[in-house]
>>> print(open('query-v2.txt').read())   # compact mmCIF, C-alpha atoms
# COMPACT_ATOMS: atom_id res chain seq x y z
CA MET F 1 180.86 181.73 177.94
CA ILE F 2 182.89 178.66 178.95
CA PHE F 3 184.05 178.24 182.55
CA TRP F 4 186.30 175.41 183.73
CA GLU F 5 185.25 174.32 187.21
CA ASN F 6 188.45 172.37 187.94
CA SER F 7 191.08 174.33 186.02
CA TRP F 8 193.83 172.66 188.08
CA ALA F 9 193.22 169.52 186.00
CA PHE F 10 195.06 171.12 183.08
CA TRP F 11 198.32 170.53 184.97
CA LEU F 12 197.78 166.84 184.17
CA LEU F 13 198.53 167.67 180.54
CA LEU F 14 202.19 167.88 181.60
CA PHE F 15 201.98 164.17 182.37
CA VAL F 16 200.69 163.56 178.82
CA VAL F 17 203.62 165.54 177.38
CA VAL F 18 206.11 163.50 179.42
CA LEU F 19 204.38 160.28 178.32
CA ASN F 20 204.74 161.34 174.68
CA LEU F 21 208.43 162.07 175.07
CA ILE F 22 209.12 158.71 176.77
CA PHE F 23 207.21 156.77 174.11
CA LEU F 24 208.85 158.55 171.17
CA PHE F 25 212.30 158.09 172.71
CA ASN F 26 211.76 154.32 173.13
CA TYR F 27 210.11 153.96 169.73
CA PHE F 28 212.97 155.53 167.78
CA ARG F 29 215.61 153.81 169.93
CA ASN F 30 214.09 150.40 169.20
CA LYS F 31 213.82 151.27 165.54
CA ARG F 32 217.56 152.11 165.41
CA LEU F 33 218.40 148.83 167.15
CA LEU F 34 216.36 146.83 164.62
CA ASN F 35 218.01 148.62 161.70
CA ARG F 36 221.40 147.65 163.09
CA PHE F 37 220.28 144.04 163.34
CA ALA F 38 219.17 143.66 159.72
CA GLN F 39 218.14 145.45 156.55
CA THR F 40 214.51 146.51 156.16
CA GLU F 41 213.70 143.81 153.55
CA LEU F 42 215.20 141.10 155.77
CA LEU F 43 213.30 142.40 158.79
CA ASN F 44 210.05 142.22 156.84
CA GLN F 45 210.76 138.54 156.17
CA LEU F 46 211.83 137.74 159.74
CA ILE F 47 209.03 139.71 161.36
CA PHE F 48 206.57 139.48 158.51
CA ASP F 49 203.50 140.48 160.51
CA TYR F 50 205.02 143.47 162.31
CA SER F 51 203.72 146.95 161.37
CA PRO F 52 206.02 149.90 162.24
CA SER F 53 203.22 152.48 161.94
CA LYS F 54 200.45 150.81 163.93
CA PRO F 55 202.11 151.24 167.38
CA LEU F 56 202.33 154.97 166.68
CA VAL F 57 198.66 155.16 165.67
CA LYS F 58 197.62 153.07 168.68
CA PHE F 59 199.61 155.24 171.09
CA PHE F 60 198.37 158.58 169.78
CA VAL F 61 194.76 157.39 169.84
CA LEU F 62 195.36 156.47 173.50
CA VAL F 63 196.86 159.93 174.16
CA GLY F 64 193.79 161.53 172.55
CA GLY F 65 191.61 159.59 174.97
CA LEU F 66 193.70 160.75 177.93
CA VAL F 67 193.49 164.38 176.84
CA PHE F 68 189.70 164.27 176.64
CA LEU F 69 189.55 162.50 180.01
CA ILE F 70 191.48 165.45 181.48
CA LEU F 71 189.01 167.85 179.85
CA THR F 72 186.22 165.81 181.42
CA LEU F 73 187.88 166.14 184.82
CA ALA F 74 188.21 169.92 184.31
CA ASN F 75 184.39 169.96 183.86
CA PRO F 76 183.60 172.60 181.22
CA GLN F 77 180.55 174.67 182.11
CA ILE F 78 178.56 177.06 179.94
CA GLY F 79 176.65 180.07 181.22
CA THR F 80 173.25 179.68 179.70
CA LYS F 81 172.00 183.23 180.09
CA LEU F 82 172.79 186.75 181.24
CA VAL F 83 171.04 187.87 184.40
CA GLU F 84 170.98 191.10 186.31
CA GLY F 85 173.25 191.10 189.33
CA LYS F 86 173.79 193.76 191.98
CA ARG F 87 177.17 195.04 193.13
CA ARG F 88 178.38 197.81 195.39
CA GLY F 89 181.20 200.04 194.24
CA ILE F 90 182.03 203.44 192.83
CA ASP F 91 182.58 204.82 189.35
CA VAL F 92 186.25 205.28 188.44
CA VAL F 93 187.12 207.20 185.26
CA ILE F 94 190.71 207.14 184.00
CA ALA F 95 191.71 209.88 181.57
CA ILE F 96 194.92 209.15 179.66
CA ASP F 97 196.93 211.78 177.78
CA VAL F 98 197.77 210.53 174.28
CA SER F 99 199.41 213.69 172.94
CA ASN F 100 202.74 213.33 171.14
CA SER F 101 204.61 214.63 174.19
CA MET F 102 203.69 211.37 175.92
CA LEU F 103 206.13 209.61 173.57
CA ALA F 104 209.07 211.36 175.25
CA GLU F 105 211.59 208.86 176.59
CA ASP F 106 212.73 210.71 179.72
CA ILE F 107 211.12 207.72 181.48
CA LYS F 108 211.59 204.36 179.81
CA PRO F 109 210.36 203.03 177.48
CA ASN F 110 208.30 206.23 177.16
CA ARG F 111 205.69 208.15 179.13
CA LEU F 112 202.68 206.59 177.41
CA GLU F 113 203.81 202.98 177.84
CA ARG F 114 204.52 203.58 181.52
CA ALA F 115 201.09 205.21 181.85
CA LYS F 116 199.43 202.12 180.34
CA GLN F 117 201.35 199.88 182.74
CA MET F 118 200.06 201.97 185.64
CA VAL F 119 196.48 201.70 184.41
CA MET F 120 196.84 197.91 184.36
CA ARG F 121 198.06 198.00 187.97
CA LEU F 122 195.17 200.24 188.99
CA ILE F 123 192.64 197.91 187.38
CA ASP F 124 194.09 194.98 189.33
CA LYS F 125 193.46 196.83 192.58
CA LEU F 126 189.81 197.66 191.91
CA VAL F 127 187.08 195.51 193.48
CA ASN F 128 183.45 195.70 192.29
CA ASP F 129 183.98 199.24 190.95
CA ARG F 130 182.93 200.33 187.49
CA ILE F 131 185.72 201.64 185.30
CA GLY F 132 185.64 203.95 182.29
CA ILE F 133 188.51 205.18 180.10
CA ILE F 134 188.87 208.53 178.36
CA VAL F 135 191.71 209.41 175.98
CA PHE F 136 192.61 212.98 175.19
CA ALA F 137 195.03 215.13 173.24
CA GLY F 138 193.69 218.26 171.48
CA GLU F 139 190.22 216.76 172.06
CA ALA F 140 188.83 214.11 174.41
CA TYR F 141 187.02 210.89 173.53
CA VAL F 142 185.43 208.04 175.47
CA GLN F 143 187.59 204.97 174.87
CA LEU F 144 185.57 202.67 177.15
CA PRO F 145 182.20 203.43 178.79
CA LEU F 146 181.74 202.50 182.45
CA THR F 147 181.92 198.74 182.85
CA THR F 148 182.72 196.02 185.38
CA ASP F 149 184.52 193.99 182.71
CA TYR F 150 188.12 194.48 183.84
CA SER F 151 189.43 192.20 181.07
CA ALA F 152 187.88 194.50 178.47
CA ALA F 153 189.38 197.51 180.27
CA LYS F 154 192.85 195.98 180.04
CA LEU F 155 192.32 195.08 176.39
CA PHE F 156 191.24 198.62 175.48
CA THR F 157 194.16 200.04 177.45
CA SER F 158 196.67 197.89 175.55
CA TYR F 159 195.51 199.43 172.24
CA ILE F 160 195.88 203.04 173.33
CA ASP F 161 198.34 205.01 171.19
CA THR F 162 198.97 208.60 170.16
CA ASP F 163 197.25 208.16 166.79
CA ILE F 164 193.96 207.18 168.45
CA VAL F 165 192.97 210.89 168.65
CA PRO F 166 193.03 212.86 165.37
CA THR F 167 193.70 216.30 166.89
CA GLN F 168 197.00 216.80 168.67
CA GLY F 169 197.56 219.11 171.64
CA THR F 170 196.80 218.69 175.33
CA ALA F 171 193.31 219.59 176.54
CA ILE F 172 193.06 218.39 180.14
CA GLY F 173 189.99 220.55 180.71
CA SER F 174 188.19 218.86 177.83
CA ALA F 175 188.88 215.43 179.35
CA ILE F 176 187.49 216.54 182.73
CA GLU F 177 184.37 218.03 181.15
CA LEU F 178 183.77 214.85 179.13
CA ALA F 179 184.03 212.75 182.30
CA VAL F 180 181.38 214.93 183.96
CA GLU F 181 179.15 214.78 180.89
CA LYS F 182 179.34 211.03 180.19
CA CYS F 183 179.88 209.52 183.64
CA ASN F 184 177.82 211.65 185.99
CA PHE F 185 174.91 209.23 186.38
CA ASP F 186 174.42 209.99 190.08
CA GLU F 187 175.12 213.62 190.99
CA LYS F 188 174.88 212.95 194.75
CA ARG F 189 177.44 210.13 194.89
CA LYS F 190 181.19 210.59 194.81
CA LYS F 191 183.05 209.51 191.68
CA ALA F 192 186.79 209.17 191.10
CA LEU F 193 188.58 210.74 188.15
CA ILE F 194 192.24 209.79 187.62
CA ILE F 195 194.13 211.94 185.11
CA ILE F 196 197.42 210.57 183.76
CA THR F 197 199.39 213.19 181.85
CA ASP F 198 202.63 215.16 181.64
CA GLY F 199 200.66 218.30 182.44
CA GLU F 200 201.63 220.37 179.40
CA ASN F 201 198.23 221.93 178.81
CA HIS F 202 197.95 224.35 175.87
CA GLU F 203 194.32 224.16 174.79
CA ASP F 204 191.91 225.15 177.59
CA ASP F 205 191.39 226.01 181.26
CA PRO F 206 191.74 222.82 183.32
CA PHE F 207 191.15 224.63 186.63
CA SER F 208 187.63 225.77 185.72
CA ALA F 209 186.87 222.26 184.51
CA ALA F 210 188.21 220.82 187.79
CA GLU F 211 185.93 223.16 189.77
CA LEU F 212 182.96 222.00 187.67
CA ALA F 213 183.86 218.36 188.32
CA ALA F 214 184.25 218.96 192.07
CA LYS F 215 180.78 220.50 192.18
CA ASN F 216 179.48 217.30 190.56
CA ASN F 217 181.13 215.19 193.30
CA PHE F 218 184.15 214.06 191.31
CA VAL F 219 187.31 213.47 193.35
CA ILE F 220 190.19 214.20 190.98
CA HIS F 221 193.54 212.44 191.27
CA THR F 222 196.44 213.33 188.99
CA ILE F 223 199.48 211.28 188.03
CA GLY F 224 202.34 213.20 186.47
CA MET F 225 204.36 211.40 183.81
CA GLY F 226 207.87 212.60 183.05
CA THR F 227 210.75 214.56 184.57
CA SER F 228 211.48 218.22 185.15
CA ILE F 229 214.48 217.91 182.80
CA GLY F 230 212.22 216.48 180.14
CA GLY F 231 213.20 215.09 176.77
CA PRO F 232 212.69 215.42 173.02
CA ILE F 233 209.60 214.08 171.24
CA PRO F 234 210.53 211.25 168.87
CA ILE F 235 208.99 211.09 165.41
CA TYR F 236 209.56 208.56 162.66
CA VAL F 237 210.12 209.55 159.03
CA ASN F 238 210.35 206.68 156.51
CA GLY F 239 211.10 204.32 159.35
CA LYS F 240 213.96 206.46 160.69
CA LYS F 241 213.85 208.03 164.13
CA ASP F 242 214.05 211.81 164.40
CA PHE F 243 212.86 214.42 166.89
CA LEU F 244 210.17 217.09 166.67
CA LYS F 245 211.57 220.53 165.86
CA ASP F 246 210.10 224.03 166.10
CA ASN F 247 209.97 226.66 163.35
CA THR F 248 213.61 227.62 163.97
CA GLY F 249 214.81 224.04 163.55
CA SER F 250 215.52 223.51 167.25
CA VAL F 251 214.55 220.23 168.90
CA VAL F 252 211.42 220.64 171.06
CA THR F 253 211.85 219.56 174.68
CA THR F 254 208.79 218.50 176.65
CA ARG F 255 208.85 218.80 180.45
CA LEU F 256 206.54 217.66 183.22
CA ASP F 257 204.41 220.42 184.76
CA PRO F 258 203.81 219.17 188.34
CA ILE F 259 202.52 222.54 189.60
CA MET F 260 199.49 222.43 187.31
CA LEU F 261 198.70 218.83 188.21
CA GLU F 262 199.02 219.49 191.94
CA LYS F 263 196.60 222.40 191.62
CA ILE F 264 194.06 220.29 189.69
CA SER F 265 194.16 217.52 192.32
CA SER F 266 193.91 220.11 195.08
CA ILE F 267 190.76 221.61 193.52
CA GLY F 268 189.34 218.10 193.08
CA GLY F 269 190.18 217.00 196.62
CA GLY F 270 192.37 214.16 195.42
CA GLU F 271 196.01 213.07 195.39
CA PHE F 272 198.92 214.01 193.16
CA VAL F 273 201.39 211.21 192.36
CA LEU F 274 204.63 211.64 190.42
CA ASN F 275 206.02 209.03 188.03
CA SER F 276 209.48 210.20 186.99
CA GLY F 277 211.01 206.82 186.25
CA VAL F 278 210.35 204.73 189.36
CA ASP F 279 206.90 203.17 189.61
CA PRO F 280 205.02 205.28 192.16
CA ASP F 281 203.12 204.04 195.16
CA LEU F 282 199.47 204.13 194.14
CA SER F 283 198.19 203.10 197.57
CA GLN F 284 197.16 206.66 198.47
CA ILE F 285 194.84 206.85 195.47
CA VAL F 286 193.58 203.27 195.88
CA ASP F 287 192.93 203.75 199.63
CA LYS F 288 191.04 206.98 198.99
CA ILE F 289 188.89 205.25 196.37
CA ALA F 290 188.22 202.33 198.73
CA LYS F 291 187.02 204.70 201.46
CA MET F 292 184.54 206.49 199.20
CA GLU F 293 180.88 205.76 199.72
CA LYS F 294 179.81 202.80 197.62
CA LYS F 295 176.63 202.72 195.61
CA GLU F 296 174.59 199.76 194.46
CA TYR F 297 174.24 199.26 190.75
CA GLU F 298 173.04 196.55 188.41
CA THR F 299 175.29 194.61 186.09
CA LYS F 300 174.77 191.70 183.73
CA ILE F 301 176.58 188.48 184.53
CA PHE F 302 176.45 184.91 183.23
CA SER F 303 174.58 182.55 185.50
CA ASN F 304 173.07 179.08 185.53
CA PHE F 305 176.33 177.46 184.51
CA GLU F 306 175.62 173.94 183.31
CA SER F 307 178.24 171.17 183.27
CA GLN F 308 179.13 169.89 179.82
CA TYR F 309 181.57 167.14 180.87
CA GLN F 310 179.55 164.46 179.03
CA TYR F 311 180.80 165.65 175.63
CA PRO F 312 184.57 165.29 176.23
CA LEU F 313 183.82 162.07 178.15
CA ALA F 314 182.01 160.59 175.13
CA ILE F 315 184.92 161.52 172.85
CA ALA F 316 187.41 160.05 175.34
CA LEU F 317 185.50 156.75 175.46
CA LEU F 318 185.38 156.66 171.66
CA PHE F 319 189.16 157.09 171.47
CA LEU F 320 189.74 154.35 174.07
CA ILE F 321 187.38 151.91 172.31
CA VAL F 322 189.11 152.53 168.97
CA GLU F 323 192.48 151.98 170.67
CA LEU F 324 191.37 148.53 171.88
CA PHE F 325 190.61 147.41 168.32
CA ILE F 326 193.89 148.58 166.82
CA ASN F 327 196.23 145.61 166.43
CA GLU F 328 199.95 146.39 166.37
CA ARG F 329 200.53 143.61 163.83
CA ARG F 330 199.70 143.65 160.15
CA ASN F 331 196.37 142.33 158.94
CA LYS F 332 196.75 138.61 158.13
CA LEU F 333 194.50 138.82 155.08
CA VAL F 334 196.68 141.59 153.66
CA LEU F 335 199.80 139.50 154.34
CA ILE F 336 198.32 136.45 152.55
CA LEU F 337 197.35 138.56 149.52
CA ASN F 338 200.83 140.16 149.37
CA SER F 339 202.46 136.70 149.58
CA PHE F 340 200.20 135.38 146.83
CA VAL F 341 201.05 138.34 144.57
CA GLN F 342 204.79 137.91 145.21
CA ARG F 343 204.69 134.16 144.34
CA ASN F 344 202.81 134.79 141.10
CA THR F 345 205.27 137.53 140.21
CA ILE F 346 208.25 135.16 140.73
CA ARG F 347 206.61 132.42 138.65
CA GLY F 348 205.84 134.84 135.89
>>> encode(input="query-v2.txt", output="C-alpha cells")
Amino acid sequence: MIFWENSWAFWLLLFVVVLNLIFLFNYFRNKRLLNRFAQTELLNQLIFDYSPSKPLVKFFVLVGGLVFLILTLANPQIGTKLVEGKRRGIDVVIAIDVSNSMLAEDIKPNRLERAKQMVMRLIDKLVNDRIGIIVFAGEAYVQLPLTTDYSAAKLFTSYIDTDIVPTQGTAIGSAIELAVEKCNFDEKRKKALIIITDGENHEDDPFSAAELAAKNNFVIHTIGMGTSIGGPIPIYVNGKKDFLKDNTGSVVTTRLDPIMLEKISSIGGGEFVLNSGVDPDLSQIVDKIAKMEKKEYETKIFSNFESQYQYPLAIALLFLIVELFINERRNKLVLILNSFVQRNTIRG
C-alpha cells in the first residue's frame, strides 16, 4: 500500500503544466518566425549547426526531472506489513432493497439510485464503526461482510443493482434474519440495522423478524424510498423502455408503504426516515448510532510505513544529468560527414 506523506506537493505539477505550455508556445512561435525569414534549405545553410529537435528533447528531459523531484517531495511511503490494531465502534448493517420496484422513478433518477447515494452519505458520517451490507429482494444475501474499509463499502455499494439477486420479490424479514445470523458476534452489545426499502413486502413476516432482531440487541432504523402516489416499474425490452404490467395488461403501480416501515422501526427501537424526493435529514439516525455503547474490536491496518523517496530522487538526478549533456546544436562530426558526402556527390 502506497501512502504519500506530502500529497500537497502534487499541486506543483500545475507549475510543470504551465511551463510546458509556455515553452511550446515560444518554440512554435520562433519556428514560424524562422520560416518567414527563409526556406528550410536556406536556413540549414545559414544556421548549419542548429538542430530543431534537440531543444524539444532537452526540455522534456528537464521536465521529466522536475516531475520526479515533485514525487520525491511528496515522499512515497509503503506499508511494510499488516498489524492488528484496536478500535472502538459499533457494528452497522445496511440492508438495501434491490427488488424491481426500486427502479420506480417517482423519485429521480429512481429509488435505488437515491438509496445508493444515501448509503454513501451514511458511510461518510461513520467513525471507527464496522459496516456490513446486505442486499435483498425475494431472498437476502450478504454483499459485504463487516469491515472498517469504508472505500470498499462505497465500491460495493456502487455496483448494487436489481439483477444482483436472482429471485425477485421483497422479503424484508429475510434481510433482518440474515443480519442477525451473520452479524450477531456479540449478543450483549447493541448493533444498528438500517433498512432502505419502499416497504412493499410480499414474501414473509417482517414484524416477527424485527422482534427477533430486537431481542438480539439490534436497533432497527428504516428509510422509506418513494411516494404515496407511487409510479410504474420500468422494464427494457430490446433496448426500448416499457412498464411492468399485470395479467390483465394494466401497468403495475408501486407505492411506498410507510406504515409498515414505521412499525418495524418502532419494534426495533429505531428511527423512521422518509425519502420522497428531497434528501432526508439523516442526523437522527447518525446521532442515535453515535450514542450507542461502543465496543473494542481488532482490525488489520498497514503500519511501519517506510519512505521510498530515494527512488524518484535517483530517477530525477538521472534525468537532470542527461539534460546537461544534451547539446542543442548538431553534432560537429555528423555535420563534417554530411558536408563531405555532399561535396563528393556534386563532384560526381
>>> atom_distance(input="query-v2.txt", atom1="CA of Met225 in chain F", atom2="CA of Leu274 in chain F")
6.6 Å
>>> residues_around(input="query-v2.txt", residues="Ala175 in chain F", least_positions_apart="2", cutoff="8 Å", atoms="all atoms listed in the file", output="short mmCIF file (atom, residue, chain, number, x, y, z; two decimals) with C-alpha atoms, keeping the file's coordinate frame")
data_model
loop_
_atom_site.label_atom_id
_atom_site.label_comp_id
_atom_site.auth_asym_id
_atom_site.auth_seq_id
_atom_site.Cartn_x
_atom_site.Cartn_y
_atom_site.Cartn_z
CA ALA F 95 191.71 209.88 181.57
CA ILE F 134 188.87 208.53 178.36
CA VAL F 135 191.71 209.41 175.98
CA PHE F 136 192.61 212.98 175.19
CA GLU F 139 190.22 216.76 172.06
CA ALA F 140 188.83 214.11 174.41
CA TYR F 141 187.02 210.89 173.53
CA ALA F 171 193.31 219.59 176.54
CA ILE F 172 193.06 218.39 180.14
CA GLY F 173 189.99 220.55 180.71
CA GLU F 177 184.37 218.03 181.15
CA LEU F 178 183.77 214.85 179.13
CA ALA F 179 184.03 212.75 182.30
#
>>> atom_distance(input="query-v2.txt", atom1="CA of Ile160 in chain F", atom2="CA of Asn100 in chain F")
12.6 Å
>>> residues_around(input="query-v2.txt", residues="Ser99 in chain F", least_positions_apart="5", cutoff="12 Å", atoms="all atoms listed in the file", output="number ranges by chain")
F: 104, 111-112, 135-140, 160-172, 196-203, 233, 254
>>> residues_near_point(input="query-v2.txt", point="(188.4, 224.4, 183.2)", cutoff="9 Å", atoms="only C-alpha atoms", output="list in words")
Ile172, Gly173, Ser174, Ile176, Glu177, Asp204, Asp205, Pro206, Phe207, Ser208, Ala209, Ala210, Glu211 and Leu212 of chain F
>>> closest_residue(input="query-v2.txt", among="F:Leu71, F:Val180, F:Val119, F:Val18", to="Ala153 in chain F", atoms="all atoms listed in the file")
F:Val119
>>> closest_residue(input="query-v2.txt", among="F:Ile133, F:Leu12, F:Ile195, F:Pro312", to="Glu262 in chain F", atoms="all atoms listed in the file")
F:Ile195
>>> atom_distance(input="query-v2.txt", atom1="CA of Leu261 in chain F", atom2="CA of Ile220 in chain F")
10.1 Å
